[in-house]
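Enquirer: Just so it is clear, I am handing over work.pdb, which has PDB, C-alpha atoms and all ligand atoms.
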```
ATOM      1  CA  MET A   1     -40.569  -8.730  61.102
ATOM      2  CA  LEU A   2     -39.841 -11.678  63.365
ATOM      3  CA  LEU A   3     -36.305 -12.892  63.709
ATOM      4  CA  CYS A   4     -36.163 -16.637  63.517
ATOM      5  CA  MET A   5     -33.740 -19.159  62.129
ATOM      6  CA  VAL A   6     -36.607 -21.293  60.771
ATOM      7  CA  THR A   7     -38.169 -18.917  58.289
ATOM      8  CA  ALA A   8     -38.898 -21.109  55.261
ATOM      9  CA  TRP A   9     -41.379 -23.979  55.120
ATOM     10  CA  ILE A  10     -39.500 -27.022  56.451
ATOM     11  CA  PRO A  11     -40.125 -30.599  55.353
ATOM     12  CA  ILE A  12     -41.284 -33.076  57.992
ATOM     13  CA  SER A  13     -37.915 -34.840  58.188
ATOM     14  CA  GLN A  14     -36.181 -31.617  59.204
ATOM     15  CA  ALA A  15     -39.032 -30.512  61.435
ATOM     16  CA  GLN A  16     -38.562 -33.682  63.442
ATOM     17  CA  ASP A  17     -34.810 -33.227  63.816
ATOM     18  CA  SER A  18     -34.205 -33.301  67.568
ATOM     19  CA  SER A  19     -30.988 -31.289  67.203
ATOM     20  CA  THR A  20     -33.092 -28.123  66.778
ATOM     21  CA  GLY A  21     -33.502 -28.069  70.489
ATOM     22  CA  LEU A  22     -36.591 -28.538  72.609
ATOM     23  CA  ALA A  23     -34.735 -30.880  74.958
ATOM     24  CA  GLY A  24     -35.509 -30.062  78.573
ATOM     25  CA  LYS A  25     -38.647 -28.065  77.702
ATOM     26  CA  VAL A  26     -41.910 -29.040  79.328
ATOM     27  CA  ILE A  27     -44.868 -28.203  77.110
ATOM     28  CA  CYS A  28     -48.483 -28.553  78.164
ATOM     29  CA  LEU A  29     -50.958 -29.132  75.303
ATOM     30  CA  ASP A  30     -54.641 -28.575  75.888
ATOM     31  CA  PRO A  31     -56.970 -29.799  73.130
ATOM     32  CA  GLY A  32     -59.994 -27.575  73.814
ATOM     33  CA  HIS A  33     -63.397 -28.889  75.050
ATOM     34  CA  GLY A  34     -64.204 -32.642  74.886
ATOM     35  CA  GLY A  35     -67.007 -34.995  75.856
ATOM     36  CA  THR A  36     -69.813 -32.606  74.933
ATOM     37  CA  ALA A  37     -71.176 -34.034  71.658
ATOM     38  CA  ASP A  38     -74.576 -34.795  73.227
ATOM     39  CA  SER A  39     -75.054 -31.548  75.106
ATOM     40  CA  ASP A  40     -73.461 -28.909  72.912
ATOM     41  CA  GLN A  41     -75.212 -28.037  69.651
ATOM     42  CA  TYR A  42     -73.089 -25.175  68.379
ATOM     43  CA  ARG A  43     -69.493 -26.401  68.344
ATOM     44  CA  VAL A  44     -70.145 -28.260  65.122
ATOM     45  CA  GLY A  45     -69.651 -27.378  61.466
ATOM     46  CA  ILE A  46     -72.376 -27.603  58.852
ATOM     47  CA  GLY A  47     -70.755 -30.872  57.662
ATOM     48  CA  GLY A  48     -70.978 -32.445  61.120
ATOM     49  CA  GLU A  49     -67.349 -32.127  62.223
ATOM     50  CA  ARG A  50     -67.033 -31.158  65.875
ATOM     51  CA  GLU A  51     -64.452 -28.722  67.187
ATOM     52  CA  GLU A  52     -63.306 -30.924  70.077
ATOM     53  CA  TRP A  53     -62.490 -33.772  67.679
ATOM     54  CA  ILE A  54     -60.320 -31.535  65.491
ATOM     55  CA  ASN A  55     -58.571 -30.036  68.527
ATOM     56  CA  LEU A  56     -57.693 -33.512  69.805
ATOM     57  CA  ARG A  57     -56.338 -34.787  66.481
ATOM     58  CA  VAL A  58     -54.090 -31.736  66.093
ATOM     59  CA  GLY A  59     -52.988 -31.990  69.737
ATOM     60  CA  LEU A  60     -51.998 -35.647  69.436
ATOM     61  CA  TYR A  61     -49.991 -34.969  66.268
ATOM     62  CA  LEU A  62     -48.262 -32.052  67.934
ATOM     63  CA  ARG A  63     -47.389 -34.186  70.938
ATOM     64  CA  GLU A  64     -45.574 -36.613  68.622
ATOM     65  CA  LEU A  65     -43.674 -33.832  66.871
ATOM     66  CA  LEU A  66     -42.657 -32.141  70.125
ATOM     67  CA  GLU A  67     -41.504 -35.405  71.688
ATOM     68  CA  ASP A  68     -39.455 -36.156  68.570
ATOM     69  CA  ALA A  69     -37.836 -32.728  69.047
ATOM     70  CA  GLY A  70     -36.871 -33.652  72.607
ATOM     71  CA  ALA A  71     -39.613 -31.931  74.638
ATOM     72  CA  THR A  72     -41.556 -33.428  77.524
ATOM     73  CA  VAL A  73     -45.251 -33.124  76.688
ATOM     74  CA  LEU A  74     -48.170 -32.999  79.111
ATOM     75  CA  MET A  75     -51.639 -33.565  77.637
ATOM     76  CA  THR A  76     -54.717 -32.208  79.430
ATOM     77  CA  ARG A  77     -56.760 -34.857  77.585
ATOM     78  CA  LYS A  78     -55.947 -37.715  75.216
ATOM     79  CA  GLU A  79     -59.499 -38.698  74.356
ATOM     80  CA  ASP A  80     -62.960 -37.174  73.879
ATOM     81  CA  VAL A  81     -63.702 -36.527  77.552
ATOM     82  CA  ALA A  82     -64.640 -33.457  79.597
ATOM     83  CA  ILE A  83     -61.864 -32.079  81.813
ATOM     84  CA  PRO A  84     -62.513 -29.089  84.121
ATOM     85  CA  LEU A  85     -60.873 -25.915  82.809
ATOM     86  CA  GLN A  86     -58.951 -25.120  85.960
ATOM     87  CA  ASP A  87     -57.497 -28.652  86.089
ATOM     88  CA  ARG A  88     -56.094 -28.147  82.602
ATOM     89  CA  ALA A  89     -54.152 -25.057  83.685
ATOM     90  CA  GLN A  90     -53.171 -26.676  86.973
ATOM     91  CA  LEU A  91     -51.440 -29.514  85.124
ATOM     92  CA  ALA A  92     -49.100 -26.932  83.546
ATOM     93  CA  VAL A  93     -48.548 -25.137  86.862
ATOM     94  CA  ASP A  94     -47.905 -28.356  88.839
ATOM     95  CA  HIS A  95     -45.210 -29.447  86.379
ATOM     96  CA  ALA A  96     -43.666 -25.981  86.000
ATOM     97  CA  ALA A  97     -44.349 -26.095  82.257
ATOM     98  CA  ASP A  98     -42.325 -23.787  80.017
ATOM     99  CA  LEU A  99     -45.287 -23.254  77.708
ATOM    100  CA  PHE A 100     -49.055 -23.856  77.699
ATOM    101  CA  LEU A 101     -50.930 -24.137  74.416
ATOM    102  CA  SER A 102     -54.696 -24.527  74.238
ATOM    103  CA  ILE A 103     -55.695 -25.745  70.768
ATOM    104  CA  HIS A 104     -59.055 -24.563  69.420
ATOM    105  CA  HIS A 105     -60.947 -23.820  66.216
ATOM    106  CA  ASN A 106     -63.261 -20.881  65.929
ATOM    107  CA  ALA A 107     -66.932 -20.210  65.118
ATOM    108  CA  THR A 108     -68.916 -17.186  64.051
ATOM    109  CA  ALA A 109     -72.194 -16.475  62.264
ATOM    110  CA  ASP A 110     -70.540 -15.219  59.054
ATOM    111  CA  THR A 111     -69.562 -18.428  57.232
ATOM    112  CA  ALA A 112     -67.218 -16.567  54.838
ATOM    113  CA  VAL A 113     -64.850 -15.754  57.699
ATOM    114  CA  ASN A 114     -61.622 -17.757  58.044
ATOM    115  CA  PHE A 115     -58.362 -16.582  59.616
ATOM    116  CA  PRO A 116     -56.303 -17.369  62.739
ATOM    117  CA  VAL A 117     -57.195 -15.812  66.094
ATOM    118  CA  ILE A 118     -54.763 -15.988  69.010
ATOM    119  CA  TYR A 119     -55.608 -15.067  72.603
ATOM    120  CA  PHE A 120     -53.229 -14.142  75.401
ATOM    121  CA  HIS A 121     -54.290 -13.382  78.960
ATOM    122  CA  GLY A 122     -54.470  -9.876  80.366
ATOM    123  CA  HIS A 123     -52.654  -6.916  78.845
ATOM    124  CA  VAL A 124     -50.181  -6.428  75.994
ATOM    125  CA  THR A 125     -47.790  -4.420  78.197
ATOM    126  CA  GLU A 126     -47.624  -7.064  80.923
ATOM    127  CA  ASN A 127     -47.840 -10.465  79.208
ATOM    128  CA  LYS A 128     -44.772  -9.969  77.009
ATOM    129  CA  ALA A 129     -43.670 -13.605  76.699
ATOM    130  CA  SER A 130     -47.088 -14.723  75.487
ATOM    131  CA  ILE A 131     -47.182 -11.858  72.979
ATOM    132  CA  ALA A 132     -43.797 -12.972  71.587
ATOM    133  CA  LEU A 133     -45.112 -16.527  71.266
ATOM    134  CA  ALA A 134     -48.293 -15.243  69.609
ATOM    135  CA  LYS A 135     -46.296 -13.442  66.910
ATOM    136  CA  HIS A 136     -44.446 -16.646  66.057
ATOM    137  CA  MET A 137     -47.745 -18.543  66.017
ATOM    138  CA  ALA A 138     -49.316 -15.985  63.677
ATOM    139  CA  LYS A 139     -46.487 -16.250  61.175
ATOM    140  CA  ALA A 140     -46.285 -20.055  61.306
ATOM    141  CA  LEU A 141     -50.053 -20.505  60.864
ATOM    142  CA  VAL A 142     -50.300 -18.134  57.911
ATOM    143  CA  ASP A 143     -47.293 -19.830  56.262
ATOM    144  CA  GLY A 144     -48.602 -23.313  57.038
ATOM    145  CA  LEU A 145     -52.375 -23.148  56.519
ATOM    146  CA  TYR A 146     -53.021 -20.064  54.393
ATOM    147  CA  ARG A 147     -50.140 -20.403  51.917
ATOM    148  CA  ASP A 148     -52.223 -19.494  48.865
ATOM    149  CA  ARG A 149     -53.771 -16.394  50.419
ATOM    150  CA  GLN A 150     -51.083 -15.099  52.750
ATOM    151  CA  SER A 151     -51.436 -11.472  51.732
ATOM    152  CA  GLU A 152     -55.199 -11.392  52.323
ATOM    153  CA  THR A 153     -55.183 -13.402  55.565
ATOM    154  CA  PRO A 154     -55.357 -11.219  58.666
ATOM    155  CA  VAL A 155     -54.388 -12.603  62.080
ATOM    156  CA  GLY A 156     -56.063 -11.414  65.245
ATOM    157  CA  ILE A 157     -53.848 -11.364  68.352
ATOM    158  CA  MET A 158     -55.899 -10.239  71.325
ATOM    159  CA  SER A 159     -56.520 -10.489  75.027
ATOM    160  CA  ASP A 160     -58.931 -13.144  76.248
ATOM    161  CA  HIS A 161     -60.729 -10.266  77.997
ATOM    162  CA  THR A 162     -62.100  -9.359  74.566
ATOM    163  CA  ILE A 163     -64.207 -12.559  74.556
ATOM    164  CA  PHE A 164     -64.730 -13.127  78.290
ATOM    165  CA  PRO A 165     -64.711  -9.546  79.546
ATOM    166  CA  GLN A 166     -64.916 -10.080  83.300
ATOM    167  CA  ALA A 167     -61.971 -12.349  83.942
ATOM    168  CA  GLY A 168     -60.657 -13.669  80.633
ATOM    169  CA  THR A 169     -60.533 -17.419  80.015
ATOM    170  CA  ALA A 170     -60.077 -19.925  82.831
ATOM    171  CA  VAL A 171     -57.181 -21.860  81.259
ATOM    172  CA  LEU A 172     -55.118 -18.719  80.625
ATOM    173  CA  ARG A 173     -56.050 -17.017  83.890
ATOM    174  CA  HIS A 174     -55.051 -20.022  85.985
ATOM    175  CA  SER A 175     -51.806 -20.582  84.077
ATOM    176  CA  TYR A 176     -50.796 -16.895  84.086
ATOM    177  CA  GLY A 177     -47.043 -16.559  84.557
ATOM    178  CA  ILE A 178     -46.299 -19.308  82.020
ATOM    179  CA  PRO A 179     -46.074 -18.248  78.349
ATOM    180  CA  ALA A 180     -49.554 -19.349  77.316
ATOM    181  CA  LEU A 181     -52.006 -18.976  74.459
ATOM    182  CA  ILE A 182     -55.325 -20.155  73.163
ATOM    183  CA  VAL A 183     -54.875 -20.546  69.422
ATOM    184  CA  GLU A 184     -57.808 -20.823  67.023
ATOM    185  CA  ALA A 185     -56.043 -21.750  63.787
ATOM    186  CA  SER A 186     -59.143 -21.400  61.616
ATOM    187  CA  PHE A 187     -62.968 -21.273  61.563
ATOM    188  CA  PHE A 188     -64.864 -24.564  61.331
ATOM    189  CA  THR A 189     -67.979 -22.483  60.548
ATOM    190  CA  ASN A 190     -66.428 -21.836  57.118
ATOM    191  CA  PRO A 191     -67.701 -24.881  55.120
ATOM    192  CA  ALA A 192     -64.578 -25.244  52.928
ATOM    193  CA  GLU A 193     -62.316 -24.998  55.960
ATOM    194  CA  GLU A 194     -64.416 -27.584  57.800
ATOM    195  CA  GLN A 195     -63.835 -30.026  54.932
ATOM    196  CA  ARG A 196     -60.082 -29.444  55.125
ATOM    197  CA  LEU A 197     -60.128 -29.879  58.914
ATOM    198  CA  LYS A 198     -61.620 -33.354  58.513
ATOM    199  CA  HIS A 199     -58.394 -34.547  56.873
ATOM    200  CA  GLU A 200     -55.628 -35.841  59.075
ATOM    201  CA  ALA A 201     -52.938 -34.550  56.690
ATOM    202  CA  TYR A 202     -54.293 -31.028  57.186
ATOM    203  CA  ASN A 203     -54.408 -31.512  60.967
ATOM    204  CA  ARG A 204     -50.797 -32.597  60.787
ATOM    205  CA  ARG A 205     -49.902 -29.479  58.793
ATOM    206  CA  GLU A 206     -51.414 -27.398  61.559
ATOM    207  CA  ALA A 207     -49.408 -29.311  64.187
ATOM    208  CA  LEU A 208     -46.238 -28.660  62.167
ATOM    209  CA  ALA A 209     -47.001 -24.947  62.146
ATOM    210  CA  TYR A 210     -47.279 -25.013  65.955
ATOM    211  CA  LEU A 211     -43.992 -26.903  66.172
ATOM    212  CA  ARG A 212     -42.233 -24.273  64.060
ATOM    213  CA  ALA A 213     -43.619 -21.455  66.176
ATOM    214  CA  ILE A 214     -42.587 -23.147  69.433
ATOM    215  CA  LYS A 215     -39.068 -23.743  68.142
ATOM    216  CA  CYS A 216     -38.763 -20.118  67.023
ATOM    217  CA  PHE A 217     -40.020 -18.939  70.406
ATOM    218  CA  PHE A 218     -37.364 -20.860  72.331
ATOM    219  CA  GLU A 219     -34.557 -19.640  70.071
ATOM    220  CA  GLN A 220     -34.656 -16.325  71.899
ATOM    221  CA  PRO A 221     -34.610 -15.511  75.618
ATOM    222  CA  VAL A 222     -38.120 -15.769  77.059
ATOM    223  CA  ASP A 223     -39.508 -12.345  77.924
ATOM    224  CA  THR A 224     -40.945 -11.334  81.287
ATOM    225  CA  ILE A 225     -44.556 -11.793  82.333
ATOM    226  CA  TYR A 226     -45.466  -9.070  84.828
ATOM    227  CA  PRO A 227     -48.228  -9.535  87.415
ATOM    228  CA  LYS A 228     -51.619  -8.463  86.132
ATOM    229  CA  ASN A 229     -52.414  -4.808  86.743
ATOM    230  CA  SER A 230     -48.885  -4.125  87.980
ATOM    231  CA  LEU A 231     -48.205  -1.887  84.978
ATOM    232  CA  VAL A 232     -51.703  -1.345  83.590
ATOM    233  CA  ALA A 233     -54.718   0.022  85.476
ATOM    234  CA  PRO A 234     -57.744  -2.310  85.156
ATOM    235  CA  LEU A 235     -60.036  -1.687  82.188
ATOM    236  CA  GLN A 236     -63.777  -1.762  82.699
ATOM    237  CA  PRO A 237     -65.313  -4.998  81.360
ATOM    238  CA  PHE A 238     -66.954  -4.513  77.971
ATOM    239  CA  ALA A 239     -69.915  -6.891  77.526
ATOM    240  CA  VAL A 240     -69.859  -8.897  74.277
ATOM    241  CA  LEU A 241     -71.723 -11.833  72.760
ATOM    242  CA  GLN A 242     -70.325 -15.127  74.011
ATOM    243  CA  GLU A 243     -70.276 -18.686  72.737
ATOM    244  CA  ALA A 244     -73.626 -19.719  71.199
ATOM    245  CA  ASP A 245     -74.874 -16.088  71.010
ATOM    246  CA  ARG A 246     -72.086 -15.383  68.553
ATOM    247  CA  MET A 247     -74.097 -17.345  65.980
ATOM    248  CA  SER A 248     -77.006 -14.870  66.123
ATOM    249  CA  GLU A 249     -78.355 -12.725  63.254
ATOM    250  CA  MET A 250     -76.850  -9.576  64.763
ATOM    251  CA  ALA A 251     -73.391 -11.044  64.426
ATOM    252  CA  LEU A 252     -73.746 -11.162  60.623
ATOM    253  CA  ALA A 253     -73.585  -7.354  60.356
ATOM    254  CA  TRP A 254     -70.142  -7.019  61.970
ATOM    255  CA  ARG A 255     -68.357  -5.902  58.779
ATOM    256  CA  ASP A 256     -71.180  -3.740  57.361
ATOM    257  CA  ASN A 257     -71.519  -1.888  60.660
ATOM    258  CA  TYR A 258     -67.796  -1.123  60.689
ATOM    259  CA  ARG A 259     -67.854   0.081  57.071
ATOM    260  CA  GLU A 260     -70.873   2.327  57.613
ATOM    261  CA  ALA A 261     -69.255   3.897  60.700
ATOM    262  CA  LYS A 262     -66.075   4.496  58.711
ATOM    263  CA  ARG A 263     -68.079   6.210  55.965
ATOM    264  CA  ILE A 264     -69.742   8.511  58.517
ATOM    265  CA  PHE A 265     -66.309   9.326  59.981
ATOM    266  CA  HIS A 266     -64.770  10.161  56.593
ATOM    267  CA  ASP A 267     -67.796  12.197  55.462
ATOM    268  CA  LYS A 268     -67.543  14.153  58.747
ATOM    269  CA  ASP A 269     -71.283  13.641  59.069
ATOM    270  CA  THR A 270     -71.411  15.139  62.572
ATOM    271  CA  ALA A 271     -75.151  14.558  63.009
ATOM    272  CA  ARG A 272     -74.516  10.804  62.737
ATOM    273  CA  TYR A 273     -71.455  10.478  65.024
ATOM    274  CA  GLU A 274     -73.438   8.892  67.836
ATOM    275  CA  GLU A 275     -74.970   6.450  65.382
ATOM    276  CA  ALA A 276     -71.469   5.621  64.112
ATOM    277  CA  CYS A 277     -70.331   4.918  67.689
ATOM    278  CA  ALA A 278     -73.312   2.602  68.177
ATOM    279  CA  LEU A 279     -72.497   0.739  64.936
ATOM    280  CA  LEU A 280     -68.878   0.240  66.011
ATOM    281  CA  LEU A 281     -69.985  -1.007  69.395
ATOM    282  CA  GLN A 282     -72.364  -3.468  67.725
ATOM    283  CA  SER A 283     -69.573  -4.770  65.495
ATOM    284  CA  VAL A 284     -67.266  -5.348  68.479
ATOM    285  CA  ILE A 285     -70.009  -6.879  70.611
ATOM    286  CA  ALA A 286     -71.082  -9.252  67.831
ATOM    287  CA  PHE A 287     -67.584 -10.364  66.800
ATOM    288  CA  PRO A 288     -65.089  -9.192  69.440
ATOM    289  CA  ASP A 289     -62.257 -11.268  67.995
ATOM    290  CA  SER A 290     -62.670 -10.123  64.394
ATOM    291  CA  HIS A 291     -59.533  -8.672  62.801
ATOM    292  CA  LEU A 292     -61.426  -5.357  62.546
ATOM    293  CA  ALA A 293     -62.299  -5.098  66.246
ATOM    294  CA  GLY A 294     -59.107  -3.174  67.069
ATOM    295  CA  ASP A 295     -59.807  -0.788  64.166
ATOM    296  CA  CYS A 296     -63.358  -0.351  65.498
ATOM    297  CA  LEU A 297     -61.951   0.834  68.826
ATOM    298  CA  ASP A 298     -59.499   3.222  67.077
ATOM    299  CA  LEU A 299     -62.343   4.712  65.069
ATOM    300  CA  TYR A 300     -64.556   4.910  68.149
ATOM    301  CA  ALA A 301     -61.811   6.807  70.016
ATOM    302  CA  ALA A 302     -61.378   9.194  67.070
ATOM    303  CA  LEU A 303     -65.139   9.896  66.981
ATOM    304  CA  LEU A 304     -65.179  10.534  70.736
ATOM    305  CA  ARG A 305     -62.334  13.033  70.274
ATOM    306  CA  ARG A 306     -64.254  14.841  67.538
ATOM    307  CA  MET A 307     -67.186  15.051  69.938
ATOM    308  CA  GLY A 308     -64.923  16.607  72.585
ATOM    309  CA  MET A 309     -64.958  13.556  74.876
ATOM    310  CA  GLU A 310     -61.203  13.397  75.487
ATOM    311  CA  VAL A 311     -61.258  11.331  78.700
ATOM    312  CA  GLU A 312     -63.495   8.672  77.162
ATOM    313  CA  ALA A 313     -61.390   8.694  73.982
ATOM    314  CA  ASP A 314     -58.177   8.114  75.983
ATOM    315  CA  GLU A 315     -59.781   5.194  77.794
ATOM    316  CA  MET A 316     -60.960   3.652  74.508
ATOM    317  CA  GLN A 317     -57.456   4.034  73.071
ATOM    318  CA  ARG A 318     -55.954   2.393  76.163
ATOM    319  CA  ARG A 319     -58.353  -0.541  75.730
ATOM    320  CA  ARG A 320     -57.310  -0.846  72.105
ATOM    321  CA  HIS A 321     -53.571  -0.891  72.950
ATOM    322  CA  GLU A 322     -53.804  -3.335  75.848
ATOM    323  CA  HIS A 323     -56.364  -5.780  74.391
ATOM    324  CA  TYR A 324     -55.504  -5.905  70.691
ATOM    325  CA  LEU A 325     -52.018  -6.263  69.274
ATOM    326  CA  GLU A 326     -51.627  -3.815  66.403
ATOM    327  CA  ASN A 327     -50.814  -5.366  63.041
TER     328      ASN A 327
HETATM  329 ZN    ZN B   1     -63.028 -23.814  71.295
END
```
Now, as a test, write the supplied structure out as structure tokens.
Expert:
Amino acid sequence: MLLCMVTAWIPISQAQDSSTGLAGKVICLDPGHGGTADSDQYRVGIGGEREEWINLRVGLYLRELLEDAGATVLMTRKEDVAIPLQDRAQLAVDHAADLFLSIHHNATADTAVNFPVIYFHGHVTENKASIALAKHMAKALVDGLYRDRQSETPVGIMSDHTIFPQAGTAVLRHSYGIPALIVEASFFTNPAEEQRLKHEAYNRREALAYLRAIKCFFEQPVDTIYPKNSLVAPLQPFAVLQEADRMSEMALAWRDNYREAKRIFHDKDTARYEEACALLLQSVIAFPDSHLAGDCLDLYAALLRRMGMEVEADEMQRRRHEHYLEN
């Protein structure tokens, strides 16, 4: 349970009250992507709405709300243009920002999927401030955008190494040391969600959720961010499908593969343990930021233990704890 003074849904008039204290805070907002409508064929919903347009609308609304609350806001882009990833992070570093927020919306092959996914950089044990911010974001987004289905809406909070295994994402890697997140509030590949995302009132609701989370975050002392690999030994990169490949046929089986592996585990069908491991791996590779990916790794570790592979099981468990925040 998160402790926060702003627990109930707050009307806009109160949300904009500058007395609630972001004065003196420097916040860098990064509306993801931009300027790629001609070259990029997959960041678009079935109804024609493009991710970078949604990200920008939400970002501009959030800028207004944060400035009304007294914060100084840096924008990595204010229009539909391409900005190099490292430059986006550098803007936050150069101005000693107190917080960096990269605003995105997600895509996957399974069009039924819709829930928030939040990425931090590195490891759970080391990036404590970003984890604290992520928990506030998760609560605010579920309250703000998934009000009618709160109990059935999972939230994934995970390392960016789950989607870009070698080095994580550029914006979070280059801003490491500042509390920083990439937040994907919802999936534009879900047709109903895409329709909602076209409406400015809905974009504004999302911006209000971010505002609430940021206020909650600064109500408590900001936790430490330890240097990467100072407390956690490096984990071997785990290759997964990236970007456009996530829309492939294989990605559709992510949930079925997990369920079948779970059945094999519960039936103690020892002859099929290796098959179960392969199914879990396929689920994680196809949809590494699904809310079941952490469970896949838990189950994988348990199967390895049953097969007597203790060292491998420990390593899988370590990956699970450092890359996926447990619900
Ligand atoms: Zn994106």
Enquirer: I'd like the residues picked by the PyMOL selection byres (((chain A and resi 125) around 10) and not hetatm) written out as a CSV table (one decimal) with C-alpha atoms, in the coordinates of the input, using the chain letters and numbers from the file.
Expert:
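Dumped to result_6.csv:
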```
chain,number,residue,atom,x,y,z
A,122,GLY,CA,-54.5,-9.9,80.4
A,123,HIS,CA,-52.7,-6.9,78.8
A,124,VAL,CA,-50.2,-6.4,76.0
A,126,GLU,CA,-47.6,-7.1,80.9
A,127,ASN,CA,-47.8,-10.5,79.2
A,128,LYS,CA,-44.8,-10.0,77.0
A,131,ILE,CA,-47.2,-11.9,73.0
A,225,ILE,CA,-44.6,-11.8,82.3
A,226,TYR,CA,-45.5,-9.1,84.8
A,228,LYS,CA,-51.6,-8.5,86.1
A,229,ASN,CA,-52.4,-4.8,86.7
A,230,SER,CA,-48.9,-4.1,88.0
A,231,LEU,CA,-48.2,-1.9,85.0
A,232,VAL,CA,-51.7,-1.3,83.6
A,321,HIS,CA,-53.6,-0.9,73.0
A,322,GLU,CA,-53.8,-3.3,75.8
A,323,HIS,CA,-56.4,-5.8,74.4
```
Enquirer: Got a sec to check which residues lie within 10 Å of ligand ZN 1 (chain B), using only C-alpha atoms and all ligand atoms, and send them as a list in words?
Expert: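 My answer, listing the contacting residues, is Pro31, Gly32, His33, Gly34, Arg43, Arg50, Glu51, Glu52, Asn55, Ser102, Ile103, His104, His105, Asn106, Ala107, Ile182, Val183, Glu184 and Glu243 of chain A.
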Enquirer: Let's have the selection written as an mmCIF file, in the frame of the given file, with C-alpha atoms.
Expert:
```cif
data_model
loop_
_atom_site.group_PDB
_atom_site.id
_atom_site.type_symbol
_atom_site.label_atom_id
_atom_site.label_comp_id
_atom_site.auth_asym_id
_atom_site.auth_seq_id
_atom_site.Cartn_x
_atom_site.Cartn_y
_atom_site.Cartn_z
ATOM 1 C CA PRO A 31 -56.970 -29.799 73.130
ATOM 2 C CA GLY A 32 -59.994 -27.575 73.814
ATOM 3 C CA HIS A 33 -63.397 -28.889 75.050
ATOM 4 C CA GLY A 34 -64.204 -32.642 74.886
ATOM 5 C CA ARG A 43 -69.493 -26.401 68.344
ATOM 6 C CA ARG A 50 -67.033 -31.158 65.875
ATOM 7 C CA GLU A 51 -64.452 -28.722 67.187
ATOM 8 C CA GLU A 52 -63.306 -30.924 70.077
ATOM 9 C CA ASN A 55 -58.571 -30.036 68.527
ATOM 10 C CA SER A 102 -54.696 -24.527 74.238
ATOM 11 C CA ILE A 103 -55.695 -25.745 70.768
ATOM 12 C CA HIS A 104 -59.055 -24.563 69.420
ATOM 13 C CA HIS A 105 -60.947 -23.820 66.216
ATOM 14 C CA ASN A 106 -63.261 -20.881 65.929
ATOM 15 C CA ALA A 107 -66.932 -20.210 65.118
ATOM 16 C CA ILE A 182 -55.325 -20.155 73.163
ATOM 17 C CA VAL A 183 -54.875 -20.546 69.422
ATOM 18 C CA GLU A 184 -57.808 -20.823 67.023
ATOM 19 C CA GLU A 243 -70.276 -18.686 72.737
#
```
Enquirer: Residues within 10 Å of Ile264 in chain A, please, as a ChimeraX atom specification. Count all atoms listed in the file; anything in the same chain fewer than 3 positions from it doesn't count.
Expert: /A:259-261,267-273,275-277,303
Enquirer: Given the file above and the PyMOL selection byres (((chain A and resi 83) around 10) and not hetatm), which residues are selected, and can you give them as number ranges by chain?
Expert: A: 30, 32-35, 76-77, 80-82, 84-88
Enquirer: Any chance you could work out the residue set of the PyMOL selection byres (((chain A and resi 26) around 12) and not hetatm) here, as a PyMOL selection string?
Expert: chain A and resi 22-25+27-29+63+66-67+69-75+91-101+178-179+214+218
Enquirer: I'd like the contact shell of Arg320 in chain A - 7 Å cut-off, all atoms listed in the file, skipping same-chain residues fewer than 5 positions apart - returned as JSON, numbers by chain.
Expert: {"A": [294, 297, 298]}
Enquirer: Considering all atoms listed in the file, state which residue in the set A:Ser248, A:Asn203, A:Gln236, A:Asn190 is at the smallest distance from Ala109 in chain A.
Expert: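 Among A:Ser248, A:Asn203, A:Gln236, A:Asn190, it is A:Ser248 that comes nearest to Ala109 in chain A.
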Enquirer: So, with only C-alpha atoms as the atoms that count, which of A:Asp289, A:Glu206, A:Asp314, A:Asp295 lies closest to Pro165 in chain A?
Expert: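 Closest candidate: A:Asp289.
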Enquirer: Nearest to Met307 in chain A: which of A:Leu172, A:Asp38, A:Tyr146, A:Glu274 is it, counting only C-alpha atoms?
Expert: A:Glu274
Enquirer: Counting all atoms listed in the file, which residue out of A:Glu152, A:Asp160, A:Glu193, A:Glu79 sits closest to His121 in chain A?
Expert: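 Ranking A:Glu152, A:Asp160, A:Glu193, A:Glu79 by distance to His121 in chain A, first place goes to A:Asp160.
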Enquirer: What is the distance between CA of Pro288 in chain A and CA of Pro237 in chain A, in Å to one decimal?
Expert: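 Calculated distance between CA of Pro288 in chain A and CA of Pro237 in chain A is 12.6 Å.
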Enquirer: Counting all atoms listed in the file, figure out which residue out of A:Leu181, A:Tyr42, A:Val113, A:Gly308 gets nearest to Leu252 in chain A.
Expert: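 Ranked by minimum distance to Leu252 in chain A, first place goes to A:Val113.
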Enquirer: State, in Å with one decimal place, the distance from CA of Gln166 in chain A to CA of Val284 in chain A.
Expert: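 Interatomic distance here is 15.7 Å.
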Enquirer: In Å, rounded to a single decimal, give me how far CA of Asn257 in chain A is from CA of Pro234 in chain A.
Expert: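 Calculated distance between CA of Pro234 in chain A and CA of Asn257 in chain A is 28.1 Å.
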Enquirer: Identify which of the residues A:Val58, A:Val155, A:Leu325, A:Ala201 lies closest to Ala132 in chain A, counting all atoms listed in the file when measuring atom-to-atom distances.
Expert: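 So, comparing all the options, the nearest one is A:Leu325.
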Enquirer: Write out as a PDB file with C-alpha atoms, keeping the file's coordinate frame the residues lying within 9 Å of Arg204 in chain A, counting only C-alpha atoms and excluding same-chain residues fewer than 3 positions away.
Expert:
```pdb
ATOM      1  CA  ARG A  57     -56.338 -34.787  66.481  1.00  0.00           C
ATOM      2  CA  VAL A  58     -54.090 -31.736  66.093  1.00  0.00           C
ATOM      3  CA  TYR A  61     -49.991 -34.969  66.268  1.00  0.00           C
ATOM      4  CA  LEU A  62     -48.262 -32.052  67.934  1.00  0.00           C
ATOM      5  CA  HIS A 199     -58.394 -34.547  56.873  1.00  0.00           C
ATOM      6  CA  GLU A 200     -55.628 -35.841  59.075  1.00  0.00           C
ATOM      7  CA  ALA A 201     -52.938 -34.550  56.690  1.00  0.00           C
ATOM      8  CA  ALA A 207     -49.408 -29.311  64.187  1.00  0.00           C
ATOM      9  CA  LEU A 208     -46.238 -28.660  62.167  1.00  0.00           C
ATOM     10  CA  ALA A 209     -47.001 -24.947  62.146  1.00  0.00           C
TER      11      ALA A 209
END
```
